[in-house]
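See structure below.
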Amino acid sequence: MYMILYSSADVDIPVQDPHGFSGSVVKILMEPLLNKGHILFTDNYYTRPLLTRYLLAHNTGVCGTVKAHRREMPVFGIGISVGDCRLRKCDNTLSVRWRDRCKVNMLTTIHIDAMLDSGKVHFQVRFPMYKPDCVIDYNVNMRLVDK
């Protein structure tokens, strides 16, 4: 396990990195694990399209939530109803917008555009609830970190 202790402004993180501060942190921590086929699950602070392409170029898969207004994120439009899923694919990166109680935006390089049964039933209409496979996998692998 690797750790960077941030104690002041003079830590060894490049300031002018094109991936930004959070991208620099990810690059430094993942450096020994690159090109080994690992998968990185990230939250929306660290996930961005540029960093996703960098990790993919180094044989590292990425799956994570992402802020909708990040630079280079695709535009999905404004209207999306509960249960709907919109997808955009560029190169080997899949951008997903899905709506449950709120809008969920994800970037992934390891998933396909599949909707899977979540194992839950809608409380009003008693139909099974479907979620994108990347959302289900993210929730399993993050193990309640974001909740």
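Ordering of the structure tokens sets the chain letters (A, B, ...); residue numbers start at 1 within each chain; ligands are numbered from 1 in the order shown.
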
**Request:** List the neighbours of Ile136 of chain A out to 9 Å using only C-alpha atoms; skip same-chain residues closer than 4 positions along the sequence, and give me the result as a ChimeraX atom specification.
**Result:** /A:116,118,131-132,140-141

Using only C-alpha atoms, please write the residues we just selected to a file, as a PDB file, in the first residue's frame.
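So out-v9.pdb came out as:
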ATOM      1  CA  LEU A 116     -28.349  -5.750 -15.427  1.00  0.00           C
ATOM      2  CA  SER A 118     -29.890  -5.205  -9.585  1.00  0.00           C
ATOM      3  CA  LYS A 131     -28.879  -0.654 -13.496  1.00  0.00           C
ATOM      4  CA  PRO A 132     -25.910  -0.224 -15.841  1.00  0.00           C
ATOM      5  CA  VAL A 140     -19.563  -3.724  -5.232  1.00  0.00           C
ATOM      6  CA  ASN A 141     -15.928  -2.650  -5.488  1.00  0.00           C
TER       7      ASN A 141
END

At a cut-off of 8 Å, using only C-alpha atoms, what residues contact segment 53-60 of chain A? Leave out same-chain residues fewer than 4 positions from it and give the result as a CSV table (one decimal) with all heavy atoms, in the first residue's frame.
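Written output follows (out20.csv):
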chain,number,residue,atom,x,y,z
A,34,LEU,N,1.2,0.3,-12.9
A,34,LEU,CA,0.9,0.5,-14.3
A,34,LEU,C,1.4,-0.7,-15.1
A,34,LEU,O,2.4,-1.4,-14.8
A,34,LEU,CB,1.5,1.8,-14.8
A,34,LEU,CG,0.9,3.1,-14.2
A,34,LEU,CD1,1.6,4.3,-14.7
A,34,LEU,CD2,-0.6,3.2,-14.4
A,35,ASN,N,0.8,-0.9,-16.3
A,35,ASN,CA,1.1,-1.9,-17.3
A,35,ASN,C,1.1,-3.4,-16.7
A,35,ASN,O,1.8,-4.2,-17.1
A,35,ASN,CB,2.5,-1.7,-17.8
A,35,ASN,CG,2.6,-0.4,-18.6
A,35,ASN,OD1,1.7,-0.1,-19.4
A,35,ASN,ND2,3.5,0.4,-18.3
A,36,LYS,N,0.2,-3.6,-15.7
A,36,LYS,CA,0.0,-4.9,-15.1
A,36,LYS,C,-1.4,-5.4,-15.2
A,36,LYS,O,-1.7,-6.4,-14.7
A,36,LYS,CB,0.5,-4.9,-13.6
A,36,LYS,CG,2.0,-4.6,-13.5
A,36,LYS,CD,2.4,-4.7,-12.0
A,36,LYS,CE,3.9,-4.5,-11.9
A,36,LYS,NZ,4.3,-4.5,-10.5
A,37,GLY,N,-2.3,-4.6,-15.9
A,37,GLY,CA,-3.6,-5.1,-16.1
A,37,GLY,C,-4.6,-4.8,-14.9
A,37,GLY,O,-5.6,-5.5,-14.8
A,38,HIS,N,-4.2,-4.0,-13.9
A,38,HIS,CA,-5.0,-3.7,-12.8
A,38,HIS,C,-6.2,-2.8,-13.2
A,38,HIS,O,-6.2,-2.2,-14.2
A,38,HIS,CB,-4.2,-3.0,-11.7
A,38,HIS,CG,-3.2,-3.9,-11.0
A,38,HIS,ND1,-3.6,-5.0,-10.2
A,38,HIS,CD2,-1.9,-4.0,-11.1
A,38,HIS,CE1,-2.5,-5.6,-9.8
A,38,HIS,NE2,-1.4,-5.0,-10.3
A,39,ILE,N,-7.2,-2.8,-12.3
A,39,ILE,CA,-8.4,-1.9,-12.5
A,39,ILE,C,-8.5,-0.9,-11.3
A,39,ILE,O,-8.4,-1.4,-10.2
A,39,ILE,CB,-9.7,-2.7,-12.6
A,39,ILE,CG1,-9.6,-3.7,-13.8
A,39,ILE,CG2,-10.9,-1.8,-12.7
A,39,ILE,CD1,-10.7,-4.7,-13.8
A,40,LEU,N,-8.6,0.3,-11.6
A,40,LEU,CA,-8.7,1.4,-10.6
A,40,LEU,C,-10.1,1.9,-10.5
A,40,LEU,O,-10.7,2.3,-11.5
A,40,LEU,CB,-7.8,2.5,-10.9
A,40,LEU,CG,-7.8,3.7,-10.0
A,40,LEU,CD1,-7.3,3.4,-8.6
A,40,LEU,CD2,-7.0,4.9,-10.6
A,49,PRO,N,-11.6,12.5,-18.0
A,49,PRO,CA,-11.3,11.8,-19.3
A,49,PRO,C,-9.8,11.8,-19.6
A,49,PRO,O,-9.4,10.7,-20.1
A,49,PRO,CB,-12.1,12.6,-20.3
A,49,PRO,CG,-13.2,13.2,-19.5
A,49,PRO,CD,-12.7,13.5,-18.2
A,93,THR,N,-13.3,4.3,-24.1
A,93,THR,CA,-13.9,4.9,-22.9
A,93,THR,C,-15.4,5.0,-23.1
A,93,THR,O,-15.9,5.6,-24.1
A,93,THR,CB,-13.3,6.2,-22.6
A,93,THR,OG1,-11.9,6.1,-22.5
A,93,THR,CG2,-13.8,6.8,-21.3
A,109,THR,N,-13.6,2.1,-18.7
A,109,THR,CA,-12.9,1.5,-19.8
A,109,THR,C,-13.0,0.0,-19.7
A,109,THR,O,-12.4,-0.7,-20.6
A,109,THR,CB,-11.4,1.9,-19.8
A,109,THR,OG1,-10.8,1.4,-18.6
A,109,THR,CG2,-11.2,3.4,-19.9

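Among the candidates A:Lys67, A:His122, A:Lys103, A:Arg97, the residue lying nearest to Cys134 of chain A is A:Arg97 (atoms considered: only C-alpha atoms).
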
**Request:** Would you please extract all strand (DSSP E) residues from chain A, as assigned by DSSP on the backbone, and give them as a ChimeraX atom specification?
**Result:** /A:39-42,61-65,85-90,93-99,103-108,115-121,128-132

Those same residues - C-alpha atoms - I'd like them written as a tab-separated table (two decimals), in the first residue's frame.
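Dumped to selection-v7.tsv:
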chain	number	residue	atom	x	y	z
A	39	ILE	CA	-8.38	-1.89	-12.49
A	40	LEU	CA	-8.71	1.38	-10.58
A	41	PHE	CA	-12.05	2.43	-9.08
A	42	THR	CA	-12.22	6.17	-8.35
A	61	GLY	CA	-8.61	-0.16	-16.44
A	62	VAL	CA	-10.67	2.61	-14.87
A	63	CYS	CA	-14.21	2.81	-13.53
A	64	GLY	CA	-15.48	5.77	-11.57
A	65	THR	CA	-18.08	8.39	-11.00
A	85	CYS	CA	-29.51	5.42	-19.28
A	86	ARG	CA	-27.60	7.44	-21.88
A	87	LEU	CA	-24.28	6.32	-23.28
A	88	ARG	CA	-21.45	7.87	-25.30
A	89	LYS	CA	-18.42	5.90	-26.44
A	90	CYS	CA	-15.15	7.45	-27.56
A	93	THR	CA	-13.91	4.87	-22.92
A	94	LEU	CA	-17.61	4.58	-22.16
A	95	SER	CA	-19.40	7.60	-20.66
A	96	VAL	CA	-22.64	6.76	-18.88
A	97	ARG	CA	-25.40	8.94	-17.48
A	98	TRP	CA	-28.05	7.05	-15.56
A	99	ARG	CA	-30.77	8.37	-13.32
A	103	LYS	CA	-28.17	11.68	-12.02
A	104	VAL	CA	-25.13	9.40	-11.94
A	105	ASN	CA	-22.27	10.08	-14.36
A	106	MET	CA	-19.59	7.45	-14.89
A	107	LEU	CA	-16.49	6.87	-16.99
A	108	THR	CA	-15.31	3.32	-17.58
A	115	MET	CA	-28.25	-3.06	-18.13
A	116	LEU	CA	-28.35	-5.75	-15.43
A	117	ASP	CA	-30.94	-6.78	-12.88
A	118	SER	CA	-29.89	-5.20	-9.59
A	119	GLY	CA	-31.74	-7.79	-7.51
A	120	LYS	CA	-34.09	-5.12	-6.17
A	121	VAL	CA	-37.78	-4.60	-6.90
A	128	PRO	CA	-37.27	-5.57	-11.14
A	129	MET	CA	-34.90	-2.60	-11.13
A	130	TYR	CA	-32.15	-2.52	-13.77
A	131	LYS	CA	-28.88	-0.65	-13.50
A	132	PRO	CA	-25.91	-0.22	-15.84

**Request:** Identify, with DSSP run on backbone atoms, the residues in segment 21-130 of chain A assigned to alpha helix (DSSP H), and express the list as a PyMOL selection string.
**Result:** chain A and resi 21-30+49-57

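Nearest to Pro18 of chain A of all the residues A:Leu50, A:Leu33, A:Ile78, A:Ala114 is A:Leu50, based on only C-alpha atoms.
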
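Going from atom CA of Ile80 of chain A to atom CA of Asp100 of chain A covers 10.0 Å.
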
**Message:** I want to know what sits within 12 Å of Asp17 of chain A, based on only C-alpha atoms, with residues of the same chain fewer than 5 positions away left out; could you give that as number ranges by chain?
**Reply:** A: 22-28, 50-51

Using only all heavy atoms, please write the residues we just selected to a file, as a PDB file, in the first residue's frame.
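Generated output (result.pdb):
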ATOM      1  N   SER A  22      -5.173  16.298  -8.626  1.00  0.00           N
ATOM      2  CA  SER A  22      -5.720  14.972  -8.320  1.00  0.00           C
ATOM      3  C   SER A  22      -5.175  13.926  -9.289  1.00  0.00           C
ATOM      4  O   SER A  22      -4.888  12.794  -8.899  1.00  0.00           O
ATOM      5  CB  SER A  22      -7.242  14.995  -8.353  1.00  0.00           C
ATOM      6  OG  SER A  22      -7.716  15.323  -9.643  1.00  0.00           O
ATOM      7  N   GLY A  23      -5.006  14.288 -10.560  1.00  0.00           N
ATOM      8  CA  GLY A  23      -4.435  13.367 -11.528  1.00  0.00           C
ATOM      9  C   GLY A  23      -2.991  13.034 -11.217  1.00  0.00           C
ATOM     10  O   GLY A  23      -2.539  11.899 -11.403  1.00  0.00           O
ATOM     11  N   SER A  24      -2.240  14.016 -10.737  1.00  0.00           N
ATOM     12  CA  SER A  24      -0.849  13.784 -10.351  1.00  0.00           C
ATOM     13  C   SER A  24      -0.758  12.805  -9.189  1.00  0.00           C
ATOM     14  O   SER A  24       0.110  11.935  -9.163  1.00  0.00           O
ATOM     15  CB  SER A  24      -0.169  15.094  -9.950  1.00  0.00           C
ATOM     16  OG  SER A  24      -0.094  15.954 -11.049  1.00  0.00           O
ATOM     17  N   VAL A  25      -1.663  12.949  -8.234  1.00  0.00           N
ATOM     18  CA  VAL A  25      -1.693  12.031  -7.094  1.00  0.00           C
ATOM     19  C   VAL A  25      -1.948  10.603  -7.574  1.00  0.00           C
ATOM     20  O   VAL A  25      -1.265   9.662  -7.173  1.00  0.00           O
ATOM     21  CB  VAL A  25      -2.751  12.470  -6.062  1.00  0.00           C
ATOM     22  CG1 VAL A  25      -2.956  11.409  -5.000  1.00  0.00           C
ATOM     23  CG2 VAL A  25      -2.365  13.796  -5.429  1.00  0.00           C
ATOM     24  N   VAL A  26      -2.922  10.440  -8.463  1.00  0.00           N
ATOM     25  CA  VAL A  26      -3.234   9.112  -8.987  1.00  0.00           C
ATOM     26  C   VAL A  26      -2.042   8.544  -9.748  1.00  0.00           C
ATOM     27  O   VAL A  26      -1.675   7.370  -9.585  1.00  0.00           O
ATOM     28  CB  VAL A  26      -4.488   9.160  -9.890  1.00  0.00           C
ATOM     29  CG1 VAL A  26      -4.681   7.846 -10.622  1.00  0.00           C
ATOM     30  CG2 VAL A  26      -5.715   9.497  -9.070  1.00  0.00           C
ATOM     31  N   LYS A  27      -1.405   9.351 -10.578  1.00  0.00           N
ATOM     32  CA  LYS A  27      -0.260   8.878 -11.364  1.00  0.00           C
ATOM     33  C   LYS A  27       0.888   8.430 -10.464  1.00  0.00           C
ATOM     34  O   LYS A  27       1.521   7.408 -10.717  1.00  0.00           O
ATOM     35  CB  LYS A  27       0.205   9.965 -12.318  1.00  0.00           C
ATOM     36  CG  LYS A  27      -0.717  10.138 -13.510  1.00  0.00           C
ATOM     37  CD  LYS A  27      -0.433  11.357 -14.334  1.00  0.00           C
ATOM     38  CE  LYS A  27       0.976  11.507 -14.785  1.00  0.00           C
ATOM     39  NZ  LYS A  27       1.180  12.690 -15.629  1.00  0.00           N
ATOM     40  N   ILE A  28       1.165   9.181  -9.409  1.00  0.00           N
ATOM     41  CA  ILE A  28       2.252   8.823  -8.497  1.00  0.00           C
ATOM     42  C   ILE A  28       1.927   7.538  -7.749  1.00  0.00           C
ATOM     43  O   ILE A  28       2.772   6.643  -7.637  1.00  0.00           O
ATOM     44  CB  ILE A  28       2.533   9.981  -7.511  1.00  0.00           C
ATOM     45  CG1 ILE A  28       3.159  11.155  -8.256  1.00  0.00           C
ATOM     46  CG2 ILE A  28       3.435   9.528  -6.374  1.00  0.00           C
ATOM     47  CD1 ILE A  28       3.234  12.429  -7.453  1.00  0.00           C
ATOM     48  N   LEU A  50      -9.103  12.820 -19.368  1.00  0.00           N
ATOM     49  CA  LEU A  50      -7.681  12.842 -19.701  1.00  0.00           C
ATOM     50  C   LEU A  50      -6.911  11.796 -18.894  1.00  0.00           C
ATOM     51  O   LEU A  50      -6.067  11.067 -19.439  1.00  0.00           O
ATOM     52  CB  LEU A  50      -7.105  14.241 -19.466  1.00  0.00           C
ATOM     53  CG  LEU A  50      -5.665  14.474 -19.889  1.00  0.00           C
ATOM     54  CD1 LEU A  50      -5.511  14.250 -21.400  1.00  0.00           C
ATOM     55  CD2 LEU A  50      -5.231  15.879 -19.525  1.00  0.00           C
ATOM     56  N   LEU A  51      -7.191  11.693 -17.610  1.00  0.00           N
ATOM     57  CA  LEU A  51      -6.526  10.704 -16.763  1.00  0.00           C
ATOM     58  C   LEU A  51      -6.947   9.282 -17.157  1.00  0.00           C
ATOM     59  O   LEU A  51      -6.130   8.361 -17.146  1.00  0.00           O
ATOM     60  CB  LEU A  51      -6.839  10.961 -15.290  1.00  0.00           C
ATOM     61  CG  LEU A  51      -6.195  10.003 -14.292  1.00  0.00           C
ATOM     62  CD1 LEU A  51      -4.675  10.114 -14.359  1.00  0.00           C
ATOM     63  CD2 LEU A  51      -6.693  10.273 -12.895  1.00  0.00           C
TER      64      LEU A  51
END

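The coordinates place atom CA of Cys102 of chain A at 18.3 Å from atom CA of Pro74 of chain A.
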